[in-house]
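One structure is given here, and the rest of the page talks about it.
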Amino acid sequence: MGMQRTPLLMSRLIDRGAAVAPETEIVTATETGTRRQTFLETRNRAHQLAHALKDAGIGIGDRVGTFMWNGSRHLEAYHATAGMGAVLHTLNLRLSDHDLEYIINHGADRLIIVDADVLPLLERLAGRIPSVEKIVVATEDGFENWSTSVADAVEYEDFIVNRPREFEWPEIDENSPLGLCYTSGTTGNPKGVEYEHRAQYLHTLSICMADVMALSATDTICGIVPMFHAMGWGIPWSALMLGCKQVMPHRFMDPARLLRLIAEEGVTISAGVPTIWQGVQTVLEADPDAYDLRRLSRVTCGGSAPPPSLIRWYWDTLGVEMIQGWGLTETSPLATVSRRLMKHAHRELSIDAQFENVAKAGQLIPGLEVEIVDEAFRPLPHDGESSGEILVRGPWVCSEYYRNPQPERFRDDWLITGDVGRIDPEEYLIISDRSKDLVKSGGEWISSVDLENHLAALDGVAQACVVAQPHPKWDERPVALIVRAGDLDIGTEEIIAHCATRFAKWQLPDDVLFVDSIPLTSTGKMDKKTVRARLEEEGYRLPELREDGGW
């Protein structure tokens with residue numbers, strides 16, 4: 001007889017939260033406080049938005065751009081486009097004009113929904129994005145009196161008003177496109193990753209698992225990771241499905257405001273990049289009793305690896321578990337997670353041993369496969385010592401880039417990630433570095449991540465960034481950029497001495513530069529490409545060409 005062949009469509013998940021928890025709140029931060037609406041109101045407004053989009057000519061497969069912060073209207077756009085079969089193209093608010101113009105035209109977006117406070121950024125592209133037929137402007141406190149020179153602009157509430165609150169979601173192929181997200185590539189134009197309904201359906205279910213993020217309808221979740229980045233790590237979909245309370249920070253991303261939001265709304269789980277959690281740590285250390293965080297139980301950290309010292313600080317100081325996640329835009333995005341207890345046997349480990357595991361990128365989410373290979377594409381042993389290029393494959397891993405196949409990134413169904421790492425005998429993935437960020441000195445590789453994590457654990461260091469600089473004899477040598485913490489006047493000798501407690505002489509930085517800040521990418525990671533470019537522009541050269549290649 002067999003089972004029913006029901007297509008795995010996101011429309012089967014997104015209305016569920018409103019059905020089972022209609023009065024649960026979705027909270028959006030505003031200039032003056034918060035704006036609240038229920039799941040049922042959000043669901044009804046999403047159906048109205050779908051009708052408005054259809055009346056504007058948007059059909060199955062058409063791209064709808066969003067140029068928005070994390071807020072309830074952005075969630076409505078997720079909901080409406082997924083249900084009606086359109087493709088949600090989340091536009092990164094932090095991209096350059098050149099990259100924005102490229103991805104809007106490459107994606108052929110027909111309509112863009114934009115938050116009023118970032119409308120000026122979009123206006124700069126006037127006349128350069130011919131596929132866009134209409135702009136829909138969403139307003140919050142302080143931006144109600146917006147105006148624009150862009151043709152065919154309409155206010156969001158006027159766009160959906162008086163539309164029906166029921167839209168019959170169409171039956172489409174489960175492999176139909178659902179979303180489009182562009183990676184901020186290191187070279188050339190950004191590359192598009194097209195997410196399919198089946199892939200996101202499976203990803204949505206998987207990240208709710210107890211051994212992954214353990215998302216529950218009883219949670220209050222604050223997604224700090226931008227909804228324009230890799231589908232907000234899948235959190236908006238899971239929250240819509242479960243009906244858990246959502247707290248959205250909109251543009252208010254300073255650590256103190258985030259902490260107030262987390263405390264006042266009783267947030268139980270949050271998600272963001274390491275720089276967010278480092279900023280929160282700094283605020284809490286300055287005023288430990290200012291915020292009631294008793295309900296906060298776990299934070300998910302991804303984008304780049306959090307320093308082990310940061311993970312341990314959250315547990316020791318707040319009793320909050322930091323869940324490290326690893327993945328890429330190309331993996332929808334979560335591929336591995338690392339939690340304090342990942343196996344039955346881990347219950348017997350000491351707390352220190354448990355945290356040694358947390359410092360690893362983690363174990364694969366069920367359904368995916370991972371491998372490490374050498375330069376000849378030969379698999380390497382999972383012994384925790386052999387280091388190679390990381391490959392991953394599975395039902396939510398992309399097989400080619402949108403309208404730009406780039407076959408060199410894909411081989412035998414494997415995605416070649418560009419990350420270098422090891423797999424230990426317990427099947428933990430350990431990231432060494434991005435292949436482009438490794439320092440190659442005298443034929444040996446130095447991990448910038450390992451150096452950064454070690455430096456971040458030193459009192460007086462708020463942030464550390466290690467980049468390669470050219471050397472005529474050794475090819476490259478590491479240079480450390482340090483942002484000091486508070487008033488601690490830490491110096492070069494202390495930095496080098498601290499590194500020498502763990503690293504060999506030849507692995508130590510050749511120079512230490514103290515800076516006010518480290519540039520970040522559009523997704524909040526340290527922007528090493530920009531750091532290297534600035535050093536080159538400023539004519540930087542290593543202070544001495546040491547014969548031994550080190551201190």
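Order determines the names: the first chain of the structure tokens is A, the second B, and so forth; residues in each chain are numbered 1 upward, and ligands are numbered 1 upward as they are shown.
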Show me a table, sorted first by chain and then by increasing residue number, of the residues of range 357-403 of chain A having an atom at most 12 Å from range 91-111 of chain A, each with its shortest atom pair and the distance in Å to one decimal, counting only C-alpha atoms and written as JSON lines.
```
{"residue": "A:Tyr401", "atom": "CA", "partner": "A:Gly107", "partner_atom": "CA", "distance": 11.7}
{"residue": "A:Tyr402", "atom": "CA", "partner": "A:Gly107", "partner_atom": "CA", "distance": 8.5}
{"residue": "A:Arg403", "atom": "CA", "partner": "A:His106", "partner_atom": "CA", "distance": 8.2}
```
**Message:** So that I can check the surroundings of range 138-144 of chain A, please list as a list in words every protein, DNA and RNA residue that reaches within 8 Å of it, counting only C-alpha atoms and ignoring chain neighbours fewer than 5 positions away.
**Reply:**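 Contacts, with the query itself left out: Thr30, Glu31, Thr32, Arg73, Ile113, Val114, Asp115, Ala116, Asp117, Glu155, Tyr156 and Glu157 of chain A.
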**Item:** Test item: residues at most 8 Å from Ser447 in chain A, only C-alpha atoms, excluding those fewer than 4 positions along its chain, as a PyMOL selection string
**Value:** chain A and resi 432-433+437-439+451
**Asked** Hey, what does DSSP flag as helix (DSSP H, G or I) within range 3-121 of chain A? Can you give it to me as a VMD selection string?
**Response** chain A and resid 10 to 12 16 to 20 39 to 55 72 to 84 97 to 107 116 to 121
**Message:** I'd like the neighbourhood of range 226-234 of chain A as a PyMOL selection string, where a residue qualifies if any of its atoms comes within 7 Å (using only C-alpha atoms), though same-chain residues fewer than 4 positions away should be ignored.
**Reply:** chain A and resi 69-70+90-92+181+204+238+329+332-334+523
**Message:** Which residues are close to Gly524 in chain A, i.e. within 9 Å by only C-alpha atoms, leaving aside same-chain residues fewer than 6 positions away? Reply as a PyMOL selection string.
**Reply:** chain A and resi 225+272-276+303-304
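Counting only C-alpha atoms, Arg477 in chain A has the following residues at most 7 Å away, ignoring those fewer than 2 positions along the same chain: A:Val439, A:Ser441, A:Ala468, A:Gln469, A:Pro470, A:His471, A:Trp474, A:Val479, A:Asp510.
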**Item:** Selection near Pro22 in chain A, 6 Å with only C-alpha atoms, sequence-local residues under 4 positions removed, as a PyMOL selection string
**Value:** chain A and resi 18+39-40
Take the residues just selected and output them with N, CA and C atoms as an mmCIF file, in the first residue's frame.
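After the write, part_29.cif holds the following:
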```cif
data_model
loop_
_atom_site.group_PDB
_atom_site.id
_atom_site.type_symbol
_atom_site.label_atom_id
_atom_site.label_comp_id
_atom_site.auth_asym_id
_atom_site.auth_seq_id
_atom_site.Cartn_x
_atom_site.Cartn_y
_atom_site.Cartn_z
ATOM 1 N N ALA A 18 -0.057 29.642 14.113
ATOM 2 C CA ALA A 18 -1.274 30.436 14.342
ATOM 3 C C ALA A 18 -2.459 29.545 14.685
ATOM 4 N N PHE A 39 0.138 35.673 16.743
ATOM 5 C CA PHE A 39 0.376 34.758 15.630
ATOM 6 C C PHE A 39 -0.799 34.772 14.660
ATOM 7 N N LEU A 40 -2.015 34.832 15.191
ATOM 8 C CA LEU A 40 -3.182 34.825 14.316
ATOM 9 C C LEU A 40 -3.210 36.088 13.460
#
```
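Between CA of Val370 in chain A and CA of Leu391 in chain A lies a distance of 5.6 Å.
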